[in-house]
>>> print(open('upload_28.txt').read())   # compact mmCIF, C-alpha atoms
# COMPACT_ATOMS: atom_id res chain seq x y z
CA MET A 1 33.18 -137.90 -145.85
CA ASN A 2 34.22 -134.44 -144.67
CA ARG A 3 33.37 -135.40 -141.09
CA LEU A 4 35.55 -138.51 -141.12
CA HIS A 5 39.14 -138.61 -139.97
CA PRO A 6 41.77 -137.81 -142.64
CA VAL A 7 43.33 -141.27 -142.23
CA VAL A 8 39.98 -142.91 -143.06
CA ASN A 9 39.50 -140.70 -146.10
CA PHE A 10 43.05 -141.32 -147.32
CA ILE A 11 42.74 -145.10 -147.03
CA TYR A 12 39.38 -145.06 -148.80
CA PHE A 13 40.58 -143.02 -151.78
CA ALA A 14 43.85 -144.97 -151.97
CA VAL A 15 41.93 -148.25 -152.30
CA VAL A 16 39.39 -146.80 -154.73
CA LEU A 17 42.03 -145.25 -156.98
CA GLY A 18 44.17 -148.40 -156.83
CA CYS A 19 41.25 -150.60 -157.87
CA SER A 20 40.19 -148.14 -160.59
CA MET A 21 43.65 -148.10 -162.16
CA MET A 22 44.60 -151.78 -161.76
CA LEU A 23 41.36 -153.72 -162.31
CA MET A 24 40.71 -153.65 -166.06
CA HIS A 25 37.71 -155.98 -166.20
CA PRO A 26 34.69 -154.28 -167.84
CA VAL A 27 32.48 -154.92 -164.82
CA CYS A 28 35.02 -153.34 -162.46
CA LEU A 29 35.47 -150.36 -164.79
CA ALA A 30 31.72 -149.85 -165.10
CA ILE A 31 31.24 -149.94 -161.33
CA SER A 32 34.13 -147.53 -160.78
CA PHE A 33 32.95 -145.11 -163.47
CA VAL A 34 29.32 -145.04 -162.32
CA ALA A 35 30.32 -144.75 -158.66
CA ALA A 36 32.73 -141.90 -159.43
CA PHE A 37 30.07 -140.04 -161.41
CA CYS A 38 27.45 -140.51 -158.66
CA TYR A 39 29.91 -139.34 -156.01
CA THR A 40 30.76 -136.31 -158.14
CA ILE A 41 27.05 -135.48 -158.43
CA GLN A 42 26.67 -135.73 -154.66
CA MET A 43 29.60 -133.37 -154.05
CA PHE A 44 29.31 -130.83 -156.88
CA GLY A 45 25.73 -131.15 -158.15
CA TYR A 46 24.37 -132.70 -161.32
CA ARG A 47 24.99 -129.72 -163.58
CA ASN A 48 28.61 -129.31 -162.51
CA ALA A 49 29.26 -133.06 -162.71
CA ARG A 50 27.75 -133.26 -166.19
CA LYS A 51 29.85 -130.30 -167.31
CA GLY A 52 33.00 -131.98 -165.99
CA LEU A 53 32.10 -135.26 -167.69
CA SER A 54 31.52 -133.51 -171.01
CA GLY A 55 34.96 -131.93 -170.68
CA MET A 56 36.56 -135.33 -170.06
CA ALA A 57 34.68 -136.96 -172.95
CA GLY A 58 37.14 -135.56 -175.49
CA VAL A 59 40.11 -136.95 -173.57
CA MET A 60 38.41 -140.34 -173.29
CA VAL A 61 37.68 -140.45 -177.02
CA ILE A 62 41.30 -139.59 -177.84
CA ALA A 63 42.53 -142.34 -175.49
CA ALA A 64 40.16 -144.86 -177.08
CA ILE A 65 41.38 -143.94 -180.58
CA LEU A 66 45.09 -143.84 -179.85
CA ASN A 67 45.30 -147.38 -178.44
CA PRO A 68 44.19 -149.27 -181.59
CA ALA A 69 46.16 -146.81 -183.73
CA PHE A 70 49.47 -147.63 -182.04
CA SER A 71 48.87 -151.08 -180.50
CA HIS A 72 48.13 -153.92 -182.88
CA GLN A 73 48.06 -156.94 -180.59
CA GLY A 74 45.14 -159.33 -180.84
CA VAL A 75 43.88 -162.17 -182.99
CA THR A 76 40.59 -160.81 -184.36
CA THR A 77 41.67 -158.68 -187.34
CA ILE A 78 39.07 -156.21 -188.57
CA CYS A 79 41.03 -154.46 -191.30
CA TYR A 80 44.48 -153.18 -192.16
CA LEU A 81 45.57 -149.59 -191.73
CA PRO A 82 47.33 -147.65 -194.54
CA SER A 83 50.59 -148.27 -192.70
CA GLY A 84 50.09 -152.02 -193.10
CA ASN A 85 49.41 -152.71 -189.42
CA ALA A 86 46.35 -154.71 -188.41
CA LEU A 87 43.40 -153.13 -186.61
CA THR A 88 42.22 -155.76 -184.14
CA LEU A 89 39.04 -156.02 -182.10
CA GLU A 90 41.02 -156.69 -178.93
CA SER A 91 42.98 -153.44 -179.23
CA ILE A 92 39.73 -151.48 -179.74
CA CYS A 93 38.18 -153.06 -176.64
CA TYR A 94 41.30 -152.39 -174.62
CA GLY A 95 41.31 -148.75 -175.79
CA ILE A 96 37.68 -148.31 -174.71
CA ALA A 97 38.49 -149.88 -171.34
CA ALA A 98 41.50 -147.58 -170.91
CA ALA A 99 39.32 -144.57 -171.76
CA PHE A 100 36.77 -145.44 -169.07
CA MET A 101 39.58 -146.10 -166.60
CA LEU A 102 41.00 -142.64 -167.35
CA GLY A 103 37.60 -140.99 -166.95
CA ALA A 104 36.88 -142.74 -163.64
CA THR A 105 40.34 -141.88 -162.31
CA LEU A 106 39.96 -138.20 -163.19
CA MET A 107 36.58 -138.01 -161.48
CA TRP A 108 37.93 -139.72 -158.36
CA PHE A 109 40.87 -137.31 -158.25
CA ARG A 110 38.42 -134.43 -158.47
CA CYS A 111 36.67 -135.77 -155.38
CA VAL A 112 40.03 -136.28 -153.65
CA SER A 113 40.96 -132.64 -154.18
CA GLU A 114 37.68 -131.62 -152.55
CA ILE A 115 37.85 -133.99 -149.54
CA LEU A 116 41.58 -134.08 -148.78
CA THR A 117 42.19 -130.39 -148.26
CA ALA A 118 45.57 -128.81 -147.56
CA ASP A 119 45.24 -129.00 -143.78
CA LYS A 120 44.39 -132.72 -143.95
CA ILE A 121 47.37 -133.50 -146.17
CA VAL A 122 49.69 -131.59 -143.87
CA TYR A 123 48.20 -133.52 -140.94
CA LEU A 124 48.78 -136.87 -142.68
CA PHE A 125 52.33 -136.35 -143.96
CA GLY A 126 53.61 -133.23 -142.23
CA LYS A 127 55.60 -135.00 -139.53
CA VAL A 128 57.13 -137.71 -141.71
CA PHE A 129 57.45 -135.94 -145.08
CA PRO A 130 57.10 -132.19 -144.52
CA VAL A 131 58.27 -131.19 -147.99
CA LEU A 132 56.15 -133.82 -149.75
CA SER A 133 53.06 -132.87 -147.78
CA MET A 134 53.49 -129.23 -148.67
CA ILE A 135 53.92 -130.05 -152.36
CA LEU A 136 50.84 -132.31 -152.39
CA SER A 137 48.73 -129.72 -150.59
CA MET A 138 49.79 -127.04 -153.08
CA VAL A 139 49.17 -129.28 -156.10
CA LEU A 140 45.70 -130.41 -155.00
CA GLY A 141 44.67 -126.87 -154.15
CA PHE A 142 46.29 -125.24 -157.16
CA ILE A 143 43.56 -125.81 -159.77
CA PRO A 144 40.61 -124.68 -157.58
CA LYS A 145 42.53 -121.57 -156.51
CA MET A 146 43.41 -120.79 -160.12
CA GLN A 147 39.79 -121.18 -161.19
CA ARG A 148 38.54 -118.89 -158.43
CA LYS A 149 41.21 -116.30 -159.19
CA LEU A 150 40.50 -116.38 -162.93
CA LYS A 151 36.80 -115.88 -162.22
CA GLU A 152 37.68 -112.95 -159.97
CA ILE A 153 39.89 -111.40 -162.68
CA ARG A 154 37.14 -111.78 -165.27
CA CYS A 155 34.57 -110.17 -162.96
CA THR A 156 36.96 -107.28 -162.33
CA GLU A 157 37.55 -106.80 -166.06
CA ASN A 158 33.83 -106.87 -166.78
CA VAL A 159 33.18 -104.25 -164.12
CA ARG A 160 36.05 -102.09 -165.32
CA GLU A 161 34.97 -102.23 -168.95
CA LYS A 162 31.25 -102.45 -168.12
CA GLY A 163 30.86 -105.75 -169.95
CA TRP A 164 32.13 -104.41 -173.29
CA THR A 165 30.86 -106.64 -176.14
CA GLN A 166 29.87 -106.28 -179.76
CA GLU A 167 26.21 -105.75 -178.84
CA ASP A 168 27.11 -102.85 -176.56
CA TYR A 169 29.30 -101.12 -179.17
CA PRO A 170 28.28 -102.39 -182.64
CA GLU A 171 30.15 -99.57 -184.31
CA LYS A 172 33.44 -101.16 -183.26
CA GLY A 173 32.96 -103.89 -185.80
CA TRP A 174 33.11 -107.68 -185.55
CA ILE A 175 36.86 -107.98 -186.16
CA ARG A 176 37.80 -105.32 -183.63
CA THR A 177 35.49 -106.95 -181.09
CA LYS A 178 37.19 -110.33 -181.48
CA ILE A 179 40.63 -108.77 -181.31
CA HIS A 180 39.67 -106.98 -178.12
CA LEU A 181 38.32 -110.18 -176.55
CA VAL A 182 41.50 -112.08 -177.44
CA HIS A 183 43.65 -109.29 -176.04
CA ARG A 184 41.64 -109.27 -172.84
CA GLY A 185 41.96 -113.06 -172.52
CA ILE A 186 45.75 -112.90 -172.92
CA GLN A 187 45.90 -110.14 -170.35
CA ASN A 188 43.82 -112.18 -167.90
CA VAL A 189 46.10 -115.21 -168.30
CA SER A 190 49.15 -113.00 -167.76
CA LEU A 191 47.63 -111.61 -164.55
CA LEU A 192 46.77 -115.13 -163.42
CA ILE A 193 50.32 -116.43 -163.94
CA THR A 194 51.78 -113.41 -162.15
CA TRP A 195 49.45 -113.95 -159.22
CA ALA A 196 50.30 -117.68 -159.06
CA LEU A 197 54.04 -117.01 -158.93
CA GLN A 198 53.67 -114.33 -156.27
CA ASP A 199 51.31 -116.50 -154.22
CA SER A 200 53.82 -119.39 -154.28
CA VAL A 201 56.62 -117.13 -153.04
CA ASP A 202 54.41 -115.66 -150.30
CA MET A 203 53.34 -119.12 -149.17
CA ALA A 204 56.95 -120.37 -149.04
CA ASP A 205 58.03 -117.34 -147.00
CA SER A 206 55.07 -117.74 -144.66
CA MET A 207 55.77 -121.43 -144.03
CA LYS A 208 59.46 -120.71 -143.45
CA GLY A 209 58.61 -117.90 -141.02
CA ARG A 210 56.40 -120.29 -139.04
CA GLY A 211 59.20 -122.82 -138.74
CA TYR A 212 57.66 -125.43 -141.00
CA GLY A 213 59.85 -128.51 -141.36
CA LEU A 214 62.04 -127.79 -138.35
CA PRO A 215 62.66 -130.73 -135.98
CA GLY A 216 60.52 -130.71 -132.88
CA ARG A 217 57.92 -128.35 -134.29
CA THR A 218 54.36 -129.05 -133.14
CA ALA A 219 51.10 -128.03 -134.76
CA TYR A 220 47.58 -127.70 -133.46
CA THR A 221 44.98 -129.95 -135.06
CA THR A 222 41.25 -130.47 -134.55
CA PHE A 223 41.15 -134.00 -135.98
CA ARG A 224 40.23 -136.77 -133.51
CA PHE A 225 39.94 -140.47 -134.29
CA THR A 226 36.48 -141.37 -132.93
CA LYS A 227 34.51 -144.60 -132.56
CA TRP A 228 32.62 -143.77 -135.74
CA ASP A 229 35.91 -143.62 -137.65
CA ARG A 230 36.93 -147.01 -136.25
CA MET A 231 33.60 -148.53 -137.28
CA VAL A 232 33.77 -147.11 -140.80
CA LEU A 233 37.38 -148.22 -141.23
CA HIS A 234 36.58 -151.74 -139.96
CA THR A 235 33.58 -152.04 -142.30
CA ARG A 236 35.57 -150.91 -145.31
CA ARG A 237 38.36 -153.33 -144.46
CA LYS A 238 35.87 -156.23 -144.48
CA ILE A 239 34.45 -155.09 -147.81
CA VAL A 240 37.94 -154.87 -149.35
CA HIS A 241 38.94 -158.31 -148.04
CA PHE A 242 35.77 -159.81 -149.48
CA HIS A 243 35.50 -158.11 -152.87
CA VAL A 244 39.01 -157.28 -154.07
CA PRO A 245 40.19 -160.92 -154.41
CA GLN A 246 37.09 -161.69 -156.48
CA GLN A 247 37.69 -158.67 -158.72
CA CYS A 248 41.32 -159.69 -159.16
CA CYS A 249 40.16 -163.12 -160.34
CA LEU A 250 37.81 -161.44 -162.82
CA THR A 251 40.61 -159.24 -164.10
CA ALA A 252 42.93 -162.22 -164.48
CA SER A 253 40.33 -163.97 -166.59
CA GLY A 254 40.02 -160.96 -168.91
CA PHE A 255 36.79 -160.18 -170.73
CA PRO A 256 33.97 -162.76 -170.45
CA ASN A 257 34.85 -165.67 -172.68
CA ASP A 258 31.57 -165.93 -174.60
CA GLN A 259 33.74 -165.59 -177.67
CA HIS A 260 37.00 -167.40 -177.31
CA LYS A 261 39.04 -164.96 -179.38
CA LEU A 262 37.91 -161.86 -177.49
CA SER A 263 40.07 -161.48 -174.38
CA LEU A 264 41.78 -158.64 -172.59
CA VAL A 265 45.22 -158.01 -174.03
CA HIS A 266 47.80 -156.73 -171.54
CA HIS A 267 50.32 -154.49 -173.28
CA SER A 268 53.88 -154.22 -172.17
>>> encode(input="upload_28.txt", output="structure tokens")
Amino acid sequence: MNRLHPVVNFIYFAVVLGCSMMLMHPVCLAISFVAAFCYTIQMFGYRNARKGLSGMAGVMVIAAILNPAFSHQGVTTICYLPSGNALTLESICYGIAAAFMLGATLMWFRCVSEILTADKIVYLFGKVFPVLSMILSMVLGFIPKMQRKLKEIRCTENVREKGWTQEDYPEKGWIRTKIHLVHRGIQNVSLLITWALQDSVDMADSMKGRGYGLPGRTAYTTFRFTKWDRMVLHTRRKIVHFHVPQQCCLTASGFPNDQHKLSLVHHS
């Protein structure tokens, strides 16, 4: 994917994200979730992908619980909550589907931030929407830069304090050790926020000094639309034209109607 043209990558992720967020059929959600996890493994490795999925599991569980707690549409009543509202099977199924949709979308966005780098976003939108392209490039690159900088700050603190822990200085006591660790964490976050603000100002001044956004400004780029890009784009267009209408029909029909009462409830 990194070798393909930015236009091809942008169209691919736009279609994938659109299908992941709009097609709520269980089969579509399962395919999107598994594909996103496999793609994350390919890009970041199994250990890193599993760690990211475990971090998203809590968000997915919360999303699955909140939907039946606040939405009570459906015809298959399981029980009644203390507030008097009905807990329905349809709302539970819709909450689970929304949780998997959220997890798949987050994993796809993680891949997008790795593939569509800042230079590709500026190439795609720099001429038409210079301000928007700059904001998108900064947003997509913000989290990775913050993670790298926080890791650098932690390494510097460990070197400066020689990895001070309770095992190294047991006479300090358990409480004083925890207080010191909390104080060091707050200090690291303060340094990180200060660095982020200064980096944003430096980047804005640098872009302004280079004439970014001025009419008639040209920029050098190494991206070339090759025959391979045309072939990949043509193949993906055929796949979309063949599969998306079928998936839309599945979504319109809701969950499989083996049980007549169980169907996908669309909430307003």
>>> closest_residue(input="upload_28.txt", among="A:Phe142, A:Ile153, A:Pro6, A:Ala97", to="Gly185 in chain A", atoms="only C-alpha atoms")
A:Ile153
>>> residues_around(input="upload_28.txt", residues="range 85-91 of chain A", least_positions_apart="5", cutoff="6 Å", atoms="all atoms listed in the file", output="PDB file with C-alpha atoms, keeping the file's coordinate frame")
ATOM      1  CA  PRO A  68      44.190-149.270-181.590  1.00  0.00           C
ATOM      2  CA  HIS A  72      48.130-153.920-182.880  1.00  0.00           C
ATOM      3  CA  GLY A  74      45.140-159.330-180.840  1.00  0.00           C
ATOM      4  CA  THR A  76      40.590-160.810-184.360  1.00  0.00           C
ATOM      5  CA  THR A  77      41.670-158.680-187.340  1.00  0.00           C
ATOM      6  CA  ILE A  78      39.070-156.210-188.570  1.00  0.00           C
ATOM      7  CA  CYS A  79      41.030-154.460-191.300  1.00  0.00           C
ATOM      8  CA  TYR A  80      44.480-153.180-192.160  1.00  0.00           C
TER       9      TYR A  80
END
>>> atom_distance(input="upload_28.txt", atom1="CA of Asn9 in chain A", atom2="CA of Leu53 in chain A")
23.5 Å
>>> closest_residue(input="upload_28.txt", among="A:Val159, A:Met24, A:Val112, A:Ala57", to="Leu136 in chain A", atoms="all atoms listed in the file")
A:Val112
>>> residues_around(input="upload_28.txt", residues="Gly103 in chain A", least_positions_apart="5", cutoff="12 Å", atoms="only C-alpha atoms", output="ChimeraX atom specification")
/A:17,20-21,29-30,32-37,52-64,96-98,108-110
>>> atom_distance(input="upload_28.txt", atom1="CA of Gly126 in chain A", atom2="CA of Ala14 in chain A")
18.1 Å
>>> closest_residue(input="upload_28.txt", among="A:Met1, A:Cys155, A:Thr105, A:Leu81", to="Gln42 in chain A", atoms="all atoms listed in the file")
A:Met1
>>> closest_residue(input="upload_28.txt", among="A:Glu114, A:Met231, A:Phe129, A:Val139", to="Ser200 in chain A", atoms="only C-alpha atoms")
A:Val139
>>> atom_distance(input="upload_28.txt", atom1="CA of Arg230 in chain A", atom2="CA of Gly216 in chain A")
28.9 Å
>>> closest_residue(input="upload_28.txt", among="A:Thr156, A:Gly45, A:Phe70, A:Cys111", to="Ser83 in chain A", atoms="all atoms listed in the file")
A:Phe70
>>> closest_residue(input="upload_28.txt", among="A:His5, A:Arg50, A:Lys149, A:Arg224", to="Thr194 in chain A", atoms="all atoms listed in the file")
A:Lys149
>>> decode(input="upload_28.txt", residues="range 15-56 of chain A", atoms="N, CA and C atoms", output="PDB file, in the first residue's frame")
ATOM      1  N   VAL A  15     -13.657   4.079   0.775  1.00  0.00           N
ATOM      2  CA  VAL A  15     -14.676   3.055   0.544  1.00  0.00           C
ATOM      3  C   VAL A  15     -14.763   2.100   1.730  1.00  0.00           C
ATOM      4  N   VAL A  16     -13.608   1.678   2.237  1.00  0.00           N
ATOM      5  CA  VAL A  16     -13.590   0.733   3.351  1.00  0.00           C
ATOM      6  C   VAL A  16     -14.231   1.344   4.599  1.00  0.00           C
ATOM      7  N   LEU A  17     -13.865   2.573   4.923  1.00  0.00           N
ATOM      8  CA  LEU A  17     -14.440   3.223   6.096  1.00  0.00           C
ATOM      9  C   LEU A  17     -15.932   3.491   5.912  1.00  0.00           C
ATOM     10  N   GLY A  18     -16.327   3.887   4.694  1.00  0.00           N
ATOM     11  CA  GLY A  18     -17.746   4.108   4.431  1.00  0.00           C
ATOM     12  C   GLY A  18     -18.566   2.846   4.610  1.00  0.00           C
ATOM     13  N   CYS A  19     -18.066   1.733   4.068  1.00  0.00           N
ATOM     14  CA  CYS A  19     -18.778   0.457   4.219  1.00  0.00           C
ATOM     15  C   CYS A  19     -18.791   0.006   5.678  1.00  0.00           C
ATOM     16  N   SER A  20     -17.685   0.215   6.389  1.00  0.00           N
ATOM     17  CA  SER A  20     -17.617  -0.223   7.787  1.00  0.00           C
ATOM     18  C   SER A  20     -18.598   0.546   8.665  1.00  0.00           C
ATOM     19  N   MET A  21     -18.825   1.817   8.360  1.00  0.00           N
ATOM     20  CA  MET A  21     -19.697   2.634   9.204  1.00  0.00           C
ATOM     21  C   MET A  21     -21.154   2.619   8.779  1.00  0.00           C
ATOM     22  N   MET A  22     -21.443   2.252   7.528  1.00  0.00           N
ATOM     23  CA  MET A  22     -22.824   2.305   7.042  1.00  0.00           C
ATOM     24  C   MET A  22     -23.489   0.941   6.942  1.00  0.00           C
ATOM     25  N   LEU A  23     -22.719  -0.114   6.677  1.00  0.00           N
ATOM     26  CA  LEU A  23     -23.300  -1.450   6.526  1.00  0.00           C
ATOM     27  C   LEU A  23     -23.326  -2.127   7.887  1.00  0.00           C
ATOM     28  N   MET A  24     -24.517  -2.277   8.458  1.00  0.00           N
ATOM     29  CA  MET A  24     -24.675  -2.797   9.815  1.00  0.00           C
ATOM     30  C   MET A  24     -25.079  -4.262   9.854  1.00  0.00           C
ATOM     31  N   HIS A  25     -25.053  -4.955   8.733  1.00  0.00           N
ATOM     32  CA  HIS A  25     -25.375  -6.380   8.755  1.00  0.00           C
ATOM     33  C   HIS A  25     -24.259  -7.135   9.474  1.00  0.00           C
ATOM     34  N   PRO A  26     -24.580  -8.163  10.259  1.00  0.00           N
ATOM     35  CA  PRO A  26     -23.535  -8.889  11.002  1.00  0.00           C
ATOM     36  C   PRO A  26     -22.440  -9.464  10.117  1.00  0.00           C
ATOM     37  N   VAL A  27     -22.805  -9.954   8.937  1.00  0.00           N
ATOM     38  CA  VAL A  27     -21.789 -10.508   8.038  1.00  0.00           C
ATOM     39  C   VAL A  27     -20.823  -9.422   7.589  1.00  0.00           C
ATOM     40  N   CYS A  28     -21.349  -8.261   7.225  1.00  0.00           N
ATOM     41  CA  CYS A  28     -20.501  -7.148   6.800  1.00  0.00           C
ATOM     42  C   CYS A  28     -19.600  -6.680   7.939  1.00  0.00           C
ATOM     43  N   LEU A  29     -20.158  -6.606   9.155  1.00  0.00           N
ATOM     44  CA  LEU A  29     -19.359  -6.176  10.298  1.00  0.00           C
ATOM     45  C   LEU A  29     -18.266  -7.187  10.622  1.00  0.00           C
ATOM     46  N   ALA A  30     -18.582  -8.465  10.517  1.00  0.00           N
ATOM     47  CA  ALA A  30     -17.573  -9.495  10.788  1.00  0.00           C
ATOM     48  C   ALA A  30     -16.438  -9.436   9.774  1.00  0.00           C
ATOM     49  N   ILE A  31     -16.786  -9.272   8.505  1.00  0.00           N
ATOM     50  CA  ILE A  31     -15.753  -9.179   7.470  1.00  0.00           C
ATOM     51  C   ILE A  31     -14.888  -7.946   7.691  1.00  0.00           C
ATOM     52  N   SER A  32     -15.513  -6.819   7.991  1.00  0.00           N
ATOM     53  CA  SER A  32     -14.761  -5.587   8.203  1.00  0.00           C
ATOM     54  C   SER A  32     -13.860  -5.692   9.427  1.00  0.00           C
ATOM     55  N   PHE A  33     -14.360  -6.274  10.515  1.00  0.00           N
ATOM     56  CA  PHE A  33     -13.567  -6.376  11.738  1.00  0.00           C
ATOM     57  C   PHE A  33     -12.382  -7.311  11.555  1.00  0.00           C
ATOM     58  N   VAL A  34     -12.612  -8.468  10.952  1.00  0.00           N
ATOM     59  CA  VAL A  34     -11.522  -9.429  10.743  1.00  0.00           C
ATOM     60  C   VAL A  34     -10.496  -8.868   9.766  1.00  0.00           C
ATOM     61  N   ALA A  35     -10.968  -8.234   8.692  1.00  0.00           N
ATOM     62  CA  ALA A  35     -10.044  -7.659   7.715  1.00  0.00           C
ATOM     63  C   ALA A  35      -9.214  -6.542   8.335  1.00  0.00           C
ATOM     64  N   ALA A  36      -9.844  -5.701   9.157  1.00  0.00           N
ATOM     65  CA  ALA A  36      -9.100  -4.620   9.811  1.00  0.00           C
ATOM     66  C   ALA A  36      -8.055  -5.172  10.766  1.00  0.00           C
ATOM     67  N   PHE A  37      -8.400  -6.228  11.501  1.00  0.00           N
ATOM     68  CA  PHE A  37      -7.434  -6.818  12.433  1.00  0.00           C
ATOM     69  C   PHE A  37      -6.276  -7.476  11.683  1.00  0.00           C
ATOM     70  N   CYS A  38      -6.572  -8.180  10.596  1.00  0.00           N
ATOM     71  CA  CYS A  38      -5.506  -8.807   9.792  1.00  0.00           C
ATOM     72  C   CYS A  38      -4.605  -7.752   9.166  1.00  0.00           C
ATOM     73  N   TYR A  39      -5.187  -6.676   8.680  1.00  0.00           N
ATOM     74  CA  TYR A  39      -4.382  -5.602   8.086  1.00  0.00           C
ATOM     75  C   TYR A  39      -3.517  -4.925   9.142  1.00  0.00           C
ATOM     76  N   THR A  40      -4.061  -4.784  10.364  1.00  0.00           N
ATOM     77  CA  THR A  40      -3.275  -4.206  11.451  1.00  0.00           C
ATOM     78  C   THR A  40      -2.109  -5.110  11.823  1.00  0.00           C
ATOM     79  N   ILE A  41      -2.334  -6.426  11.808  1.00  0.00           N
ATOM     80  CA  ILE A  41      -1.244  -7.368  12.076  1.00  0.00           C
ATOM     81  C   ILE A  41      -0.160  -7.251  11.018  1.00  0.00           C
ATOM     82  N   GLN A  42      -0.561  -7.133   9.759  1.00  0.00           N
ATOM     83  CA  GLN A  42       0.405  -7.019   8.676  1.00  0.00           C
ATOM     84  C   GLN A  42       1.256  -5.750   8.802  1.00  0.00           C
ATOM     85  N   MET A  43       0.664  -4.671   9.277  1.00  0.00           N
ATOM     86  CA  MET A  43       1.377  -3.398   9.340  1.00  0.00           C
ATOM     87  C   MET A  43       2.176  -3.223  10.621  1.00  0.00           C
ATOM     88  N   PHE A  44       1.612  -3.646  11.759  1.00  0.00           N
ATOM     89  CA  PHE A  44       2.240  -3.359  13.049  1.00  0.00           C
ATOM     90  C   PHE A  44       2.758  -4.593  13.775  1.00  0.00           C
ATOM     91  N   GLY A  45       2.461  -5.794  13.267  1.00  0.00           N
ATOM     92  CA  GLY A  45       2.867  -7.003  13.969  1.00  0.00           C
ATOM     93  C   GLY A  45       1.766  -7.523  14.875  1.00  0.00           C
ATOM     94  N   TYR A  46       1.825  -8.827  15.163  1.00  0.00           N
ATOM     95  CA  TYR A  46       0.754  -9.451  15.941  1.00  0.00           C
ATOM     96  C   TYR A  46       0.699  -8.919  17.364  1.00  0.00           C
ATOM     97  N   ARG A  47       1.854  -8.752  18.005  1.00  0.00           N
ATOM     98  CA  ARG A  47       1.860  -8.309  19.392  1.00  0.00           C
ATOM     99  C   ARG A  47       1.287  -6.902  19.516  1.00  0.00           C
ATOM    100  N   ASN A  48       1.693  -6.008  18.633  1.00  0.00           N
ATOM    101  CA  ASN A  48       1.199  -4.639  18.690  1.00  0.00           C
ATOM    102  C   ASN A  48      -0.284  -4.581  18.358  1.00  0.00           C
ATOM    103  N   ALA A  49      -0.718  -5.374  17.374  1.00  0.00           N
ATOM    104  CA  ALA A  49      -2.134  -5.394  17.015  1.00  0.00           C
ATOM    105  C   ALA A  49      -2.989  -5.953  18.144  1.00  0.00           C
ATOM    106  N   ARG A  50      -2.501  -6.991  18.799  1.00  0.00           N
ATOM    107  CA  ARG A  50      -3.252  -7.563  19.921  1.00  0.00           C
ATOM    108  C   ARG A  50      -3.332  -6.582  21.086  1.00  0.00           C
ATOM    109  N   LYS A  51      -2.254  -5.850  21.318  1.00  0.00           N
ATOM    110  CA  LYS A  51      -2.259  -4.842  22.381  1.00  0.00           C
ATOM    111  C   LYS A  51      -3.260  -3.731  22.075  1.00  0.00           C
ATOM    112  N   GLY A  52      -3.300  -3.289  20.797  1.00  0.00           N
ATOM    113  CA  GLY A  52      -4.271  -2.271  20.429  1.00  0.00           C
ATOM    114  C   GLY A  52      -5.699  -2.761  20.540  1.00  0.00           C
ATOM    115  N   LEU A  53      -5.932  -4.038  20.171  1.00  0.00           N
ATOM    116  CA  LEU A  53      -7.281  -4.589  20.272  1.00  0.00           C
ATOM    117  C   LEU A  53      -7.720  -4.720  21.716  1.00  0.00           C
ATOM    118  N   SER A  54      -6.801  -5.115  22.599  1.00  0.00           N
ATOM    119  CA  SER A  54      -7.148  -5.197  24.018  1.00  0.00           C
ATOM    120  C   SER A  54      -7.476  -3.824  24.596  1.00  0.00           C
ATOM    121  N   GLY A  55      -6.803  -2.785  24.090  1.00  0.00           N
ATOM    122  CA  GLY A  55      -7.136  -1.439  24.547  1.00  0.00           C
ATOM    123  C   GLY A  55      -8.496  -0.975  24.062  1.00  0.00           C
ATOM    124  N   MET A  56      -8.901  -1.412  22.855  1.00  0.00           N
ATOM    125  CA  MET A  56     -10.214  -1.032  22.329  1.00  0.00           C
ATOM    126  C   MET A  56     -11.341  -1.884  22.890  1.00  0.00           C
TER     127      MET A  56
END
